[in-house]
Amino acid sequence: PQVPSMMNITEEKAGKIHLPREIFWSLSRQIVRVVVTVLNIQQLGMFKEVNQTGQVLDNTVVGIIVGETSISGLQNPVQVTFTHRKLPQGVTPQCVFWDASKGQAGGWSSSGCVTQPVDKGTVCSCDHLTFFALLLNPALDGSTAQALMAVATAGCGVAVVFSIFTIAFCIFIRCRFRFEETLRINLGLHMNLVSSLLLLNLVFLLNSGLSGGTQPGTCKVLGGLTHYCLLCCFTWMALEGCQLYLLFVKVLGTYIHHYLAKLCLLGWGFPVLVVGVAGVIGSYGEYSIQTTDHQVIAHLCWITSKHVLVHYITNCSYFGLIFLFNTAVFGVVTQKSCSLQRTSAVQGDYKPWKVTLVAAGLFSLLGATWALAFLSYGTSSAPVLYLFTILNSLQGIFIFIWLVVLYYPKTKETTGSLSHIIRHDNTNPVSQ
């Protein structure tokens with residue numbers, strides 16, 4: 001049969017399909033069937049990727065089959081035009097196909113496909129035939145992404161400075177003044193948390209500055225180190241919450257030998273196990289941050305996109321559990337603090353600013369600002385990312401001011417809002 005120069009099939013949702021004549025050259029002596037299938041995956045419940053962040057346009061998947069053999073490696077690509085209206089701001093289209101070999105249940109891949117926006121649609125040019133879709137991923141425009149990187153870099157610099165100030169202040173007051181054992185343990189916890197924040201900010205600055213020109217082996221090490229510092233921050237936030245739970249909820253009066261040393265072993269040791277397992281399966285490498293027009297604005301050594309499940313389990317899920325626990329503890333502590341302040345108000349010793357400061361300090365101490373990362377999806381991602389970046393950059397400043405105001409002794413009495421609450425709430429002081 002005569003080889004067609006091109007083949008156009010128009011369908012309401014799929015748009016237009018262009019098949020190059022290269023496909024039919026090897027089939028010129030055969031009668032072949034060309035099958036185009038348009039599926040609504042929402043109704044069928046198919047093509048569901050684990051932890052998928054993007055959304056398939058109109059829930060439409062287009063499958064193209066020519067003959068009975070698999071066709072790939074085309075010099076002239078197959079073109080599938082997806083017609084659609086103007087996409088929402090903060091969303092970028094990506095041409096993908098269903099790769100059954102990806103993961104355990106399959107997933108979307110863009111290998112061999114090029115995305116080209118056109119008037120009233122998007123053209124997907126791919127070098128093979130399979131099931132295609134247009135994936136709408138949350139993304140940022142170039143100027144916003146560059147601004148966020150600048151804010152993050154400047155914020156890390158500020159956080160490093162104030163983290164050093166905080167560590168020096170904790171060491172000074174622990175050596176200069178005599179505190180009860182509970183407060184000394186609290187100060188030790190705060191110092192370890194701030195130390196983990198200091199390391200995380202230093203590694204991020206090193207990562208963003210060197211990762212673009214590093215060797216693959218060095219990038220894997222740097223990616224693992226960055227992941228380790230992040231997990232240390234999350235773990236110490238969890239230990240801060242556990243300490244508050246013991247002080248205000250459980251009210252244990254038992255002595256734990258080398259209590260702070262055991263916390264340090266857990267806070268700095270547990271992330272080593274997680275990073276070690278992730279490193280064995282090859283999770284670390286170069287990770288690119290792209291804009292809506294697919295321009296790479298930054299290279300980071302981090303968890304690669306092939307192992308995104310590691311990120312969701314070790315970072316998102318881990319912090320999610322910590323956040324839920326710390327939020328419950330924060331609610332109990334704030335309620336008790338306000339109750340005691342109302343009692344003090346009757347005695348003429350009520351200070352509203354101190355209640356606010358206690359709440360703001362605990363809010364930062366327990367890492368609640370990190371929860372904004374869960375909201376950084378969709379069209380509202382840019383404002384939330386700005387807020388997330390700024391607040392986490394200021395976390396070190398919040399903790400520094402909180403410690404200076406509440407823990408620095410100004411009278412002969414032992415001061416600090418936490419000790420004030422413990423003294424008035426517990427008949428038997430906690431000794432650990």
# chains A, B, ... in the order shown; residues from 1 in each chain; ligands from 1

$ closest_atom_pairs --of "region 178-277 of chain A" --to "region 146-154 of chain A" --cutoff "9 Å" --atoms "only C-alpha atoms" --output "CSV"
residue,atom,partner,partner_atom,distance
A:Asn201,CA,A:Thr153,CA,8.9
A:Phe204,CA,A:Thr153,CA,8.3
A:Leu205,CA,A:Thr153,CA,6.7
A:Ser208,CA,A:Thr153,CA,8.4

$ select_by_dssp --residues "region 70-148 of chain A" --states "strand (DSSP E or B)" --output "PyMOL selection string"
chain A and resi 72+78-83+91-99+107-109+113-118+121-126+128+131-138

$ residues_around --residues "His311 (chain A)" --least-positions-apart "6" --cutoff "12 Å" --atoms "only C-alpha atoms" --output "PyMOL selection string"
chain A and resi 51+223-224+227+230-231+274-275+278+283-284+302-305+317-319

$ write_last_selection --atoms "N, CA and C atoms" --output "PDB file, in the first residue's frame"
ATOM      1  N   ASN A  51       2.276   8.560  44.978  1.00  0.00           N
ATOM      2  CA  ASN A  51       2.745   9.883  45.398  1.00  0.00           C
ATOM      3  C   ASN A  51       2.862  10.860  44.230  1.00  0.00           C
ATOM      4  N   GLY A 223      24.874  15.219  49.053  1.00  0.00           N
ATOM      5  CA  GLY A 223      23.433  14.995  49.158  1.00  0.00           C
ATOM      6  C   GLY A 223      23.070  14.239  50.421  1.00  0.00           C
ATOM      7  N   GLY A 224      23.864  13.214  50.751  1.00  0.00           N
ATOM      8  CA  GLY A 224      23.620  12.478  51.982  1.00  0.00           C
ATOM      9  C   GLY A 224      23.840  13.326  53.218  1.00  0.00           C
ATOM     10  N   HIS A 227      20.841  15.620  53.637  1.00  0.00           N
ATOM     11  CA  HIS A 227      19.715  14.847  54.157  1.00  0.00           C
ATOM     12  C   HIS A 227      19.910  14.544  55.639  1.00  0.00           C
ATOM     13  N   LEU A 230      19.156  17.647  57.755  1.00  0.00           N
ATOM     14  CA  LEU A 230      17.720  17.907  57.809  1.00  0.00           C
ATOM     15  C   LEU A 230      17.032  16.946  58.779  1.00  0.00           C
ATOM     16  N   LEU A 231      17.393  15.671  58.725  1.00  0.00           N
ATOM     17  CA  LEU A 231      16.800  14.691  59.639  1.00  0.00           C
ATOM     18  C   LEU A 231      17.196  14.969  61.088  1.00  0.00           C
ATOM     19  N   VAL A 274      19.196   6.146  58.941  1.00  0.00           N
ATOM     20  CA  VAL A 274      18.305   6.429  57.806  1.00  0.00           C
ATOM     21  C   VAL A 274      19.111   6.785  56.557  1.00  0.00           C
ATOM     22  N   VAL A 275      20.092   7.683  56.723  1.00  0.00           N
ATOM     23  CA  VAL A 275      20.909   8.104  55.581  1.00  0.00           C
ATOM     24  C   VAL A 275      21.745   6.935  55.069  1.00  0.00           C
ATOM     25  N   ALA A 278      19.454   4.832  52.914  1.00  0.00           N
ATOM     26  CA  ALA A 278      19.161   5.541  51.662  1.00  0.00           C
ATOM     27  C   ALA A 278      20.383   5.587  50.750  1.00  0.00           C
ATOM     28  N   SER A 283      20.257   6.612  46.645  1.00  0.00           N
ATOM     29  CA  SER A 283      19.224   7.647  46.576  1.00  0.00           C
ATOM     30  C   SER A 283      19.765   9.036  46.291  1.00  0.00           C
ATOM     31  N   TYR A 284      21.067   9.256  46.464  1.00  0.00           N
ATOM     32  CA  TYR A 284      21.605  10.610  46.393  1.00  0.00           C
ATOM     33  C   TYR A 284      22.306  10.863  45.066  1.00  0.00           C
ATOM     34  N   TRP A 302      21.136  16.159  46.239  1.00  0.00           N
ATOM     35  CA  TRP A 302      19.987  15.825  47.083  1.00  0.00           C
ATOM     36  C   TRP A 302      19.486  14.441  46.682  1.00  0.00           C
ATOM     37  N   ILE A 303      18.314  14.078  47.113  1.00  0.00           N
ATOM     38  CA  ILE A 303      17.686  12.819  46.708  1.00  0.00           C
ATOM     39  C   ILE A 303      17.234  12.949  45.251  1.00  0.00           C
ATOM     40  N   THR A 304      17.645  12.041  44.404  1.00  0.00           N
ATOM     41  CA  THR A 304      17.326  12.138  42.981  1.00  0.00           C
ATOM     42  C   THR A 304      15.842  11.915  42.738  1.00  0.00           C
ATOM     43  N   SER A 305      15.374  12.381  41.593  1.00  0.00           N
ATOM     44  CA  SER A 305      13.958  12.255  41.247  1.00  0.00           C
ATOM     45  C   SER A 305      13.540  10.793  41.081  1.00  0.00           C
ATOM     46  N   SER A 317       6.800  12.169  55.508  1.00  0.00           N
ATOM     47  CA  SER A 317       6.062  11.361  56.484  1.00  0.00           C
ATOM     48  C   SER A 317       6.658  11.491  57.884  1.00  0.00           C
ATOM     49  N   TYR A 318       7.983  11.489  57.960  1.00  0.00           N
ATOM     50  CA  TYR A 318       8.657  11.594  59.255  1.00  0.00           C
ATOM     51  C   TYR A 318       8.321  12.924  59.933  1.00  0.00           C
ATOM     52  N   PHE A 319       8.439  14.020  59.189  1.00  0.00           N
ATOM     53  CA  PHE A 319       8.113  15.307  59.789  1.00  0.00           C
ATOM     54  C   PHE A 319       6.619  15.421  60.077  1.00  0.00           C
TER      55      PHE A 319
END

$ closest_residue --among "A:Phe363, A:Trp402, A:Phe270, A:Tyr386" --to "Phe234 (chain A)" --atoms "only C-alpha atoms"
A:Phe270

$ residues_around --residues "region 109-115 of chain A" --least-positions-apart "5" --cutoff "12 Å" --atoms "only C-alpha atoms" --output "PDB file with N, CA and C atoms, in the first residue's frame"
ATOM      1  N   PHE A  47      -3.733   4.132  35.522  1.00  0.00           N
ATOM      2  CA  PHE A  47      -2.615   5.066  35.396  1.00  0.00           C
ATOM      3  C   PHE A  47      -2.495   5.969  36.636  1.00  0.00           C
ATOM      4  N   GLU A  49      -0.136   6.922  39.627  1.00  0.00           N
ATOM      5  CA  GLU A  49       1.244   6.836  40.106  1.00  0.00           C
ATOM      6  C   GLU A  49       1.282   7.048  41.616  1.00  0.00           C
ATOM      7  N   GLN A  52       1.890  10.831  43.351  1.00  0.00           N
ATOM      8  CA  GLN A  52       1.897  11.724  42.199  1.00  0.00           C
ATOM      9  C   GLN A  52       1.520  13.140  42.631  1.00  0.00           C
ATOM     10  N   SER A  72       9.824   2.334  18.672  1.00  0.00           N
ATOM     11  CA  SER A  72      10.573   3.297  19.479  1.00  0.00           C
ATOM     12  C   SER A  72      11.805   3.741  18.711  1.00  0.00           C
ATOM     13  N   GLY A  73      12.500   4.746  19.241  1.00  0.00           N
ATOM     14  CA  GLY A  73      13.715   5.246  18.611  1.00  0.00           C
ATOM     15  C   GLY A  73      13.482   5.933  17.287  1.00  0.00           C
ATOM     16  N   LEU A  74      12.361   6.608  17.127  1.00  0.00           N
ATOM     17  CA  LEU A  74      12.043   7.293  15.874  1.00  0.00           C
ATOM     18  C   LEU A  74      12.919   8.522  15.681  1.00  0.00           C
ATOM     19  N   GLN A  75      13.404   8.720  14.451  1.00  0.00           N
ATOM     20  CA  GLN A  75      14.170   9.923  14.132  1.00  0.00           C
ATOM     21  C   GLN A  75      13.248  11.132  14.032  1.00  0.00           C
ATOM     22  N   ASN A  76      12.090  10.921  13.427  1.00  0.00           N
ATOM     23  CA  ASN A  76      11.069  11.958  13.358  1.00  0.00           C
ATOM     24  C   ASN A  76       9.994  11.631  14.384  1.00  0.00           C
ATOM     25  N   PRO A  77       9.772  12.508  15.328  1.00  0.00           N
ATOM     26  CA  PRO A  77       8.910  12.150  16.455  1.00  0.00           C
ATOM     27  C   PRO A  77       7.431  12.116  16.110  1.00  0.00           C
ATOM     28  N   VAL A  78       6.705  11.369  16.922  1.00  0.00           N
ATOM     29  CA  VAL A  78       5.249  11.413  16.901  1.00  0.00           C
ATOM     30  C   VAL A  78       4.811  12.685  17.633  1.00  0.00           C
ATOM     31  N   GLN A  79       3.829  13.361  17.077  1.00  0.00           N
ATOM     32  CA  GLN A  79       3.361  14.612  17.687  1.00  0.00           C
ATOM     33  C   GLN A  79       1.901  14.465  18.100  1.00  0.00           C
ATOM     34  N   VAL A  80       1.654  14.706  19.387  1.00  0.00           N
ATOM     35  CA  VAL A  80       0.307  14.682  19.933  1.00  0.00           C
ATOM     36  C   VAL A  80       0.004  16.070  20.470  1.00  0.00           C
ATOM     37  N   THR A  81      -1.023  16.705  19.929  1.00  0.00           N
ATOM     38  CA  THR A  81      -1.396  18.051  20.364  1.00  0.00           C
ATOM     39  C   THR A  81      -2.577  17.965  21.321  1.00  0.00           C
ATOM     40  N   PHE A  82      -2.358  18.414  22.540  1.00  0.00           N
ATOM     41  CA  PHE A  82      -3.426  18.485  23.543  1.00  0.00           C
ATOM     42  C   PHE A  82      -3.980  19.909  23.551  1.00  0.00           C
ATOM     43  N   THR A  92       2.955  24.144  35.292  1.00  0.00           N
ATOM     44  CA  THR A  92       3.689  23.943  34.048  1.00  0.00           C
ATOM     45  C   THR A  92       3.307  22.614  33.422  1.00  0.00           C
ATOM     46  N   PRO A  93       3.036  22.575  32.096  1.00  0.00           N
ATOM     47  CA  PRO A  93       2.692  21.309  31.443  1.00  0.00           C
ATOM     48  C   PRO A  93       3.945  20.494  31.143  1.00  0.00           C
ATOM     49  N   GLN A  94       3.818  19.185  31.212  1.00  0.00           N
ATOM     50  CA  GLN A  94       4.920  18.288  30.894  1.00  0.00           C
ATOM     51  C   GLN A  94       4.385  17.081  30.148  1.00  0.00           C
ATOM     52  N   CYS A  95       4.947  16.817  28.975  1.00  0.00           N
ATOM     53  CA  CYS A  95       4.547  15.655  28.193  1.00  0.00           C
ATOM     54  C   CYS A  95       5.147  14.394  28.805  1.00  0.00           C
ATOM     55  N   VAL A  96       4.303  13.425  29.072  1.00  0.00           N
ATOM     56  CA  VAL A  96       4.745  12.193  29.720  1.00  0.00           C
ATOM     57  C   VAL A  96       4.089  10.994  29.047  1.00  0.00           C
ATOM     58  N   PHE A  97       4.650   9.835  29.308  1.00  0.00           N
ATOM     59  CA  PHE A  97       4.057   8.575  28.866  1.00  0.00           C
ATOM     60  C   PHE A  97       4.085   7.607  30.045  1.00  0.00           C
ATOM     61  N   TRP A  98       3.258   6.592  29.979  1.00  0.00           N
ATOM     62  CA  TRP A  98       3.182   5.638  31.079  1.00  0.00           C
ATOM     63  C   TRP A  98       4.269   4.592  30.929  1.00  0.00           C
ATOM     64  N   ASP A  99       5.171   4.560  31.919  1.00  0.00           N
ATOM     65  CA  ASP A  99       6.288   3.614  31.923  1.00  0.00           C
ATOM     66  C   ASP A  99       5.967   2.516  32.928  1.00  0.00           C
ATOM     67  N   ALA A 100       5.623   1.341  32.431  1.00  0.00           N
ATOM     68  CA  ALA A 100       5.228   0.231  33.303  1.00  0.00           C
ATOM     69  C   ALA A 100       6.382  -0.299  34.134  1.00  0.00           C
ATOM     70  N   SER A 101       7.627  -0.019  33.718  1.00  0.00           N
ATOM     71  CA  SER A 101       8.798  -0.521  34.446  1.00  0.00           C
ATOM     72  C   SER A 101       9.233   0.410  35.565  1.00  0.00           C
ATOM     73  N   LYS A 102       8.579   1.552  35.715  1.00  0.00           N
ATOM     74  CA  LYS A 102       8.966   2.512  36.741  1.00  0.00           C
ATOM     75  C   LYS A 102       8.335   2.135  38.073  1.00  0.00           C
ATOM     76  N   GLY A 103       9.173   1.901  39.070  1.00  0.00           N
ATOM     77  CA  GLY A 103       8.666   1.531  40.388  1.00  0.00           C
ATOM     78  C   GLY A 103       8.010   0.153  40.362  1.00  0.00           C
ATOM     79  N   GLY A 121      -2.932  25.239  23.177  1.00  0.00           N
ATOM     80  CA  GLY A 121      -2.607  23.852  23.441  1.00  0.00           C
ATOM     81  C   GLY A 121      -1.144  23.622  23.701  1.00  0.00           C
ATOM     82  N   THR A 122      -0.778  22.346  23.749  1.00  0.00           N
ATOM     83  CA  THR A 122       0.604  21.919  23.977  1.00  0.00           C
ATOM     84  C   THR A 122       0.895  20.740  23.067  1.00  0.00           C
ATOM     85  N   VAL A 123       2.043  20.795  22.387  1.00  0.00           N
ATOM     86  CA  VAL A 123       2.451  19.724  21.478  1.00  0.00           C
ATOM     87  C   VAL A 123       3.466  18.837  22.185  1.00  0.00           C
ATOM     88  N   CYS A 124       3.193  17.532  22.180  1.00  0.00           N
ATOM     89  CA  CYS A 124       4.112  16.552  22.747  1.00  0.00           C
ATOM     90  C   CYS A 124       4.776  15.792  21.606  1.00  0.00           C
ATOM     91  N   SER A 125       6.106  15.914  21.493  1.00  0.00           N
ATOM     92  CA  SER A 125       6.873  15.224  20.455  1.00  0.00           C
ATOM     93  C   SER A 125       7.686  14.118  21.108  1.00  0.00           C
ATOM     94  N   CYS A 126       7.361  12.859  20.768  1.00  0.00           N
ATOM     95  CA  CYS A 126       8.006  11.709  21.409  1.00  0.00           C
ATOM     96  C   CYS A 126       8.552  10.764  20.348  1.00  0.00           C
ATOM     97  N   ASP A 127       9.599  10.032  20.737  1.00  0.00           N
ATOM     98  CA  ASP A 127      10.269   9.147  19.769  1.00  0.00           C
ATOM     99  C   ASP A 127       9.774   7.710  19.843  1.00  0.00           C
ATOM    100  N   HIS A 128       8.569   7.495  20.362  1.00  0.00           N
ATOM    101  CA  HIS A 128       8.038   6.140  20.467  1.00  0.00           C
ATOM    102  C   HIS A 128       6.512   6.217  20.555  1.00  0.00           C
ATOM    103  N   LEU A 129       5.875   5.070  20.460  1.00  0.00           N
ATOM    104  CA  LEU A 129       4.424   4.980  20.570  1.00  0.00           C
ATOM    105  C   LEU A 129       4.039   4.277  21.865  1.00  0.00           C
ATOM    106  N   THR A 130       3.103   4.870  22.579  1.00  0.00           N
ATOM    107  CA  THR A 130       2.638   4.294  23.837  1.00  0.00           C
ATOM    108  C   THR A 130       1.413   5.077  24.293  1.00  0.00           C
ATOM    109  N   PHE A 131       1.173   5.137  25.605  1.00  0.00           N
ATOM    110  CA  PHE A 131       0.072   5.928  26.158  1.00  0.00           C
ATOM    111  C   PHE A 131       0.623   7.268  26.647  1.00  0.00           C
ATOM    112  N   PHE A 132       0.111   8.347  26.092  1.00  0.00           N
ATOM    113  CA  PHE A 132       0.605   9.690  26.379  1.00  0.00           C
ATOM    114  C   PHE A 132      -0.415  10.486  27.195  1.00  0.00           C
ATOM    115  N   ALA A 133       0.121  11.455  27.942  1.00  0.00           N
ATOM    116  CA  ALA A 133      -0.728  12.378  28.700  1.00  0.00           C
ATOM    117  C   ALA A 133       0.034  13.680  28.905  1.00  0.00           C
ATOM    118  N   LEU A 134      -0.704  14.705  29.271  1.00  0.00           N
ATOM    119  CA  LEU A 134      -0.107  15.999  29.594  1.00  0.00           C
ATOM    120  C   LEU A 134      -0.248  16.199  31.100  1.00  0.00           C
ATOM    121  N   LEU A 135       0.886  16.194  31.785  1.00  0.00           N
ATOM    122  CA  LEU A 135       0.900  16.296  33.243  1.00  0.00           C
ATOM    123  C   LEU A 135       1.101  17.750  33.658  1.00  0.00           C
ATOM    124  N   LEU A 136       0.227  18.232  34.517  1.00  0.00           N
ATOM    125  CA  LEU A 136       0.308  19.614  35.002  1.00  0.00           C
ATOM    126  C   LEU A 136       0.988  19.602  36.367  1.00  0.00           C
ATOM    127  N   THR A 292       8.990  27.125  34.948  1.00  0.00           N
ATOM    128  CA  THR A 292       7.879  26.705  34.095  1.00  0.00           C
ATOM    129  C   THR A 292       8.296  26.509  32.642  1.00  0.00           C
ATOM    130  N   ASP A 293       9.318  27.244  32.203  1.00  0.00           N
ATOM    131  CA  ASP A 293       9.793  27.074  30.827  1.00  0.00           C
ATOM    132  C   ASP A 293      10.972  26.106  30.747  1.00  0.00           C
ATOM    133  N   HIS A 294      11.086  25.255  31.790  1.00  0.00           N
ATOM    134  CA  HIS A 294      12.060  24.163  31.821  1.00  0.00           C
ATOM    135  C   HIS A 294      13.505  24.655  31.840  1.00  0.00           C
ATOM    136  N   SER A 305      15.374  12.381  41.593  1.00  0.00           N
ATOM    137  CA  SER A 305      13.958  12.255  41.247  1.00  0.00           C
ATOM    138  C   SER A 305      13.540  10.793  41.081  1.00  0.00           C
ATOM    139  N   LYS A 306      14.488   9.905  40.785  1.00  0.00           N
ATOM    140  CA  LYS A 306      14.163   8.485  40.657  1.00  0.00           C
ATOM    141  C   LYS A 306      13.806   7.853  41.999  1.00  0.00           C
TER     142      LYS A 306
END

$ closest_residue --among "A:His307, A:Lys336, A:Arg176, A:His190" --to "Gln243 (chain A)" --atoms "only C-alpha atoms"
A:His190

$ closest_residue --among "A:Ile399, A:Tyr407, A:Gly269, A:Gly54" --to "Phe165 (chain A)" --atoms "only C-alpha atoms"
A:Ile399

$ closest_residue --among "A:Leu247, A:Leu385, A:Leu222, A:Met237" --to "Leu183 (chain A)" --atoms "only C-alpha atoms"
A:Leu247

$ atom_distance --atom1 "CA of Val32 (chain A)" --atom2 "CA of Gly15 (chain A)"
23.1 Å

$ residues_around --residues "Asn392 (chain A)" --least-positions-apart "6" --cutoff "9 Å" --atoms "only C-alpha atoms" --output "compact mmCIF listing (two decimals) with N, CA and C atoms, in the first residue's frame"
# COMPACT_ATOMS: atom_id res chain seq x y z
N GLY A 155 18.78 34.29 53.77
CA GLY A 155 18.21 33.82 55.03
C GLY A 155 19.11 32.82 55.72
N CYS A 156 19.75 31.94 54.95
CA CYS A 156 20.67 30.97 55.54
C CYS A 156 21.86 31.67 56.18
N ALA A 159 20.64 33.10 59.40
CA ALA A 159 20.41 32.02 60.36
C ALA A 159 21.71 31.48 60.94
N SER A 364 8.28 28.22 67.31
CA SER A 364 9.51 28.08 66.52
C SER A 364 10.32 26.89 66.97
N GLY A 367 9.28 23.63 65.52
CA GLY A 367 9.39 23.52 64.06
C GLY A 367 8.09 23.63 63.31
N THR A 369 6.90 26.07 61.68
CA THR A 369 7.02 26.79 60.41
C THR A 369 7.36 25.85 59.25
N TRP A 370 7.97 24.71 59.56
CA TRP A 370 8.30 23.75 58.50
C TRP A 370 7.05 23.13 57.89
